[in-house]
There are 2 protein chains.
Amino acid sequence: MTSTPWSRPARGARGPAPSHSRDEIVDAAIAMADAGGIGAVSMRAVATALGTGAGSLYRYLSSRDDLLDLMADRAAGELRPYPDASGDWLDGMLRVARRQLELYRRHPWLVDVLARPAALGPQSLGWFDHCLGVLRPVPAATAAKFEAIAMMIGVVSLFARSESAGPPAGFDGIDMTAFPNLIAALTTPPARAPGRRDLFDVTVSSVLRGVLAQNGGTATD
Amino acid sequence: MTSTPWSRPARGARGPAPSHSRDEIVDAAIAMADAGGIGAVSMRAVATALGTGAGSLYRYLSSRDDLLDLMADRAAGELRPYPDASGDWLDGMLRVARRQLELYRRHPWLVDVLARPAALGPQSLGWFDHCLGVLRPVPAATAAKFEAIAMMIGVVSLFARSESAGPPAGFDGIDMTAFPNLIAALTTPPARAPGRRDLFDVTVSSVLRGVLAQNGGTATD
DNA sequence: CGAAAACTGCGAACGCCGTTTGCAGTTTAG
DNA sequence: CTAAACTGCAAACGGCGTTCGCAGTTTTCG
């Protein structure tokens, strides 16, 4: 029913050879997303870049969501090779998180694609498997590890989003006198540029420690 | 140029009295979003619910984004009255965070609306002001407090998103033998339902402590 | 008072989107 | 050699946000 793109073969065995391929389409789509955001990735635009019509893409993909899933998994492949998993598990996860943040910086559209319910592909699963390997020495339940990884993904995407977002819109036409704390905060000059990298490490570490430290690994694992 | 809905008057002073109002439109839009998600809020659908045409809404709103901003600020108003700000600041922020999570549960579309660059309205600013008040006793720089609040918003939205999201899609057509850690994790029976509330509190506390504890409040504030 | 200006609602239209469909041509299976 | 299964492609469908023009209503001002 709800088949993922990886469960369907790339082509049949009867007709003429296809002029394009899934990989080629995904390449073009990623290039457009890198340049103009995920909103620039329309079936018509991708098809035009490939010199064909929008409807022709449906010979290779079952929907636009399908394409986005393929794009996400392709991008996840860029996380290879995975950082060293030996040593302290927290350091290992921090290396993973930093590498993931770099990926989000390289492909800001990934944040939007992952915010939507997505089908996991082999690259994403491989990355997930690596994370579980890093967390192997941690004496926590499996469910807790899953949640820790999910939270790490979320925190990384939060940083990526805040980096690519502009300053908050101005407060035109709003009476500010009712917000004394806000006025006080905004009128004080910004002390200095906060260490973004430190904040990232601190936050990721805090979340991982918080989620995984609540109790020992009972049950099965 | 990029005027917010709050900087534009609700109506002029010359023509006939309007048949509708911004509040009425926002009410209808929120009702539709609660029922069918943010995707169900189309200009045509909202207009139909009000017994008029899609184009007529542009007498009250300058765009659909405008409507979403108004919806978000209306929802933020539901956070009033704000929880007690006295006592330990971490407890105070936890109360704020829990109340915010309840709001997200009541209006799941809020997560999607806030993920997009939004214009802050008076209700949102009032809530922000309250947060700054709770954080007043914390000896940290203003920028750090802003980042702490932003991170708290992000973490709360992560929890809200994970609650409303279904289980991850199956792995049809993917060779699993390459992911030994994943297999091991999936074949172990789930120990027991994890304490979601505890996880929420722990995570929010971890993030706030992590972001705000890195150094004393130097500089001006 | 009367004319001009500024507003109102509204239906039609524009350009974009994802997707479906039908048709003509090509390759393979039996 | 026929029939099935595939290919590319252009047209069309329904939906979207938004714009535009028109007719009617209310206010302002000479």
# chains A, B, ... in the order shown; residues from 1 in each chain; ligands from 1
>>> select_by_dssp(residues="segment 140-193 of chain A", states="helix (DSSP H, G or I)", output="MDAnalysis selection string")
chainID A and resid 142:164 176:178 180:187
>>> write_last_selection(atoms="C-alpha atoms", output="mmCIF file, in the first residue's frame")
data_model
loop_
_atom_site.group_PDB
_atom_site.id
_atom_site.type_symbol
_atom_site.label_atom_id
_atom_site.label_comp_id
_atom_site.auth_asym_id
_atom_site.auth_seq_id
_atom_site.Cartn_x
_atom_site.Cartn_y
_atom_site.Cartn_z
ATOM 1 C CA THR A 142 16.660 0.738 24.161
ATOM 2 C CA ALA A 143 13.666 3.045 24.146
ATOM 3 C CA ALA A 144 15.683 5.673 25.983
ATOM 4 C CA LYS A 145 18.442 5.463 23.402
ATOM 5 C CA PHE A 146 15.936 5.906 20.609
ATOM 6 C CA GLU A 147 14.571 8.954 22.323
ATOM 7 C CA ALA A 148 18.020 10.329 22.945
ATOM 8 C CA ILE A 149 18.891 10.040 19.272
ATOM 9 C CA ALA A 150 15.597 11.601 18.268
ATOM 10 C CA MET A 151 16.196 14.471 20.647
ATOM 11 C CA MET A 152 19.703 14.952 19.321
ATOM 12 C CA ILE A 153 18.368 15.144 15.784
ATOM 13 C CA GLY A 154 15.837 17.689 16.950
ATOM 14 C CA VAL A 155 18.342 19.852 18.762
ATOM 15 C CA VAL A 156 20.703 19.842 15.814
ATOM 16 C CA SER A 157 17.887 20.874 13.513
ATOM 17 C CA LEU A 158 16.970 23.634 15.946
ATOM 18 C CA PHE A 159 20.459 25.059 15.702
ATOM 19 C CA ALA A 160 20.463 24.718 11.952
ATOM 20 C CA ARG A 161 17.137 26.490 11.720
ATOM 21 C CA SER A 162 18.183 29.320 13.997
ATOM 22 C CA GLU A 163 21.342 29.807 11.986
ATOM 23 C CA SER A 164 19.568 30.087 8.670
ATOM 24 C CA MET A 176 5.923 48.152 23.931
ATOM 25 C CA THR A 177 5.300 49.830 27.241
ATOM 26 C CA ALA A 178 3.558 46.726 28.531
ATOM 27 C CA PRO A 180 9.245 46.139 30.689
ATOM 28 C CA ASN A 181 11.548 43.144 30.789
ATOM 29 C CA LEU A 182 11.741 43.078 27.034
ATOM 30 C CA ILE A 183 12.547 46.769 26.845
ATOM 31 C CA ALA A 184 15.270 46.400 29.439
ATOM 32 C CA ALA A 185 16.763 43.464 27.585
ATOM 33 C CA LEU A 186 16.677 45.145 24.194
ATOM 34 C CA THR A 187 18.136 48.432 25.344
#
>>> interface_residues(of="chain B", to="chain D", cutoff="10 Å", atoms="only C-alpha atoms (C1' of nucleotides)", output="MDAnalysis selection string")
chainID B and resid 13:17 42:44 54:55 58 62:64
>>> closest_atom_pairs(of="chain B", to="chain A", cutoff="7 Å", atoms="only C-alpha atoms", output="tab-separated table")
residue	atom	partner	partner_atom	distance
B:Thr4	CA	A:Asp172	CA	6.6
B:Trp6	CA	A:Gly173	CA	5.5
B:Ser7	CA	A:Gly173	CA	4.0
B:Ala119	CA	A:Ala169	CA	5.4
B:Leu120	CA	A:Ala169	CA	7.0
B:Pro122	CA	A:Ile174	CA	6.5
B:Gly126	CA	A:Phe179	CA	6.3
B:Asp129	CA	A:Leu182	CA	5.3
B:Leu132	CA	A:Asn181	CA	6.0
B:Gly133	CA	A:Asn181	CA	6.2
B:Thr142	CA	A:Ala185	CA	6.2
B:Ala143	CA	A:Pro190	CA	6.9
B:Gly154	CA	A:Leu158	CA	6.4
B:Leu158	CA	A:Gly154	CA	6.4
B:Pro168	CA	A:Ala119	CA	7.0
B:Ala169	CA	A:Ala119	CA	5.4
B:Asp172	CA	A:Ser7	CA	5.3
B:Gly173	CA	A:Ser7	CA	4.0
B:Ile174	CA	A:Pro122	CA	6.5
B:Phe179	CA	A:Asp129	CA	5.7
B:Asn181	CA	A:Asp129	CA	5.5
B:Leu182	CA	A:Asp129	CA	5.3
B:Ala185	CA	A:Thr142	CA	6.2
B:Thr188	CA	A:Thr220	CA	6.6
B:Pro190	CA	A:Ala143	CA	6.9
B:Ala191	CA	A:Ala219	CA	5.5
B:Leu199	CA	A:Val211	CA	6.5
B:Val202	CA	A:Gly210	CA	5.8
B:Thr203	CA	A:Val207	CA	5.7
B:Ser206	CA	A:Ser206	CA	5.1
B:Val207	CA	A:Thr203	CA	5.6
B:Gly210	CA	A:Thr203	CA	5.8
B:Val211	CA	A:Thr203	CA	6.4
B:Ala219	CA	A:Ala191	CA	5.4
B:Thr220	CA	A:Thr188	CA	6.7
>>> atom_distance(atom1="atom CA of Asp88 of chain B", atom2="atom CA of Ala75 of chain B")
27.0 Å
>>> residues_around(residues="DC10 of chain C", least_positions_apart="5", cutoff="9 Å", atoms="only C-alpha atoms (C1' of nucleotides)", output="list in words")
Thr52, Gly53, Gly55 and Ser56 of chain B
>>> interface_residues(of="chain C", to="chain A", cutoff="8 Å", atoms="only C-alpha atoms (C1' of nucleotides)", output="PyMOL selection string")
chain C and resi 17-19+26-28
>>> atom_distance(atom1="atom C1' of DC16 of chain C", atom2="atom CA of Asp34 of chain B")
27.4 Å
>>> atom_distance(atom1="atom CA of Val46 of chain B", atom2="atom CA of Gln100 of chain B")
26.2 Å
>>> residues_around(residues="Arg99 of chain A", least_positions_apart="3", cutoff="9 Å", atoms="only C-alpha atoms (C1' of nucleotides)", output="compact mmCIF listing (two decimals) with C-alpha atoms, in the first residue's frame")
# COMPACT_ATOMS: atom_id res chain seq x y z
CA LEU A 79 27.48 11.69 6.69
CA TYR A 82 31.10 8.10 10.32
CA PRO A 83 33.36 9.63 12.96
CA LEU A 94 29.11 14.96 19.89
CA ARG A 95 31.19 14.15 16.84
CA VAL A 96 28.11 12.74 15.19
CA GLU A 102 27.62 20.65 9.03
CA LEU A 103 25.35 18.65 6.78
CA TYR A 104 22.41 20.87 7.66
>>> decode(residues="segment 198-211 of chain B", atoms="N, CA and C atoms", output="mmCIF file, in the first residue's frame")
data_model
loop_
_atom_site.group_PDB
_atom_site.id
_atom_site.type_symbol
_atom_site.label_atom_id
_atom_site.label_comp_id
_atom_site.auth_asym_id
_atom_site.auth_seq_id
_atom_site.Cartn_x
_atom_site.Cartn_y
_atom_site.Cartn_z
ATOM 1 N N ASP B 198 8.304 12.720 32.661
ATOM 2 C CA ASP B 198 9.624 12.857 33.267
ATOM 3 C C ASP B 198 10.656 13.239 32.212
ATOM 4 N N LEU B 199 10.558 12.602 31.067
ATOM 5 C CA LEU B 199 11.523 12.895 30.009
ATOM 6 C C LEU B 199 11.439 14.356 29.598
ATOM 7 N N PHE B 200 10.224 14.854 29.530
ATOM 8 C CA PHE B 200 10.032 16.263 29.164
ATOM 9 C C PHE B 200 10.702 17.182 30.175
ATOM 10 N N ASP B 201 10.380 16.980 31.435
ATOM 11 C CA ASP B 201 10.968 17.817 32.475
ATOM 12 C C ASP B 201 12.486 17.729 32.471
ATOM 13 N N VAL B 202 12.977 16.514 32.348
ATOM 14 C CA VAL B 202 14.428 16.328 32.390
ATOM 15 C C VAL B 202 15.104 17.040 31.223
ATOM 16 N N THR B 203 14.504 16.907 30.057
ATOM 17 C CA THR B 203 15.131 17.510 28.880
ATOM 18 C C THR B 203 15.108 19.039 28.956
ATOM 19 N N VAL B 204 13.945 19.573 29.273
ATOM 20 C CA VAL B 204 13.848 21.038 29.363
ATOM 21 C C VAL B 204 14.819 21.563 30.415
ATOM 22 N N SER B 205 14.861 20.924 31.557
ATOM 23 C CA SER B 205 15.772 21.371 32.603
ATOM 24 C C SER B 205 17.220 21.294 32.139
ATOM 25 N N SER B 206 17.542 20.208 31.467
ATOM 26 C CA SER B 206 18.918 20.046 31.006
ATOM 27 C C SER B 206 19.319 21.169 30.066
ATOM 28 N N VAL B 207 18.439 21.480 29.148
ATOM 29 C CA VAL B 207 18.762 22.511 28.168
ATOM 30 C C VAL B 207 18.904 23.871 28.852
ATOM 31 N N LEU B 208 17.951 24.193 29.703
ATOM 32 C CA LEU B 208 18.006 25.508 30.354
ATOM 33 C C LEU B 208 19.264 25.637 31.212
ATOM 34 N N ARG B 209 19.517 24.608 32.002
ATOM 35 C CA ARG B 209 20.716 24.652 32.835
ATOM 36 C C ARG B 209 21.974 24.736 31.977
ATOM 37 N N GLY B 210 21.977 23.961 30.899
ATOM 38 C CA GLY B 210 23.160 23.950 30.049
ATOM 39 C C GLY B 210 23.428 25.297 29.407
ATOM 40 N N VAL B 211 22.394 25.913 28.904
ATOM 41 C CA VAL B 211 22.594 27.173 28.193
ATOM 42 C C VAL B 211 22.911 28.313 29.155
#
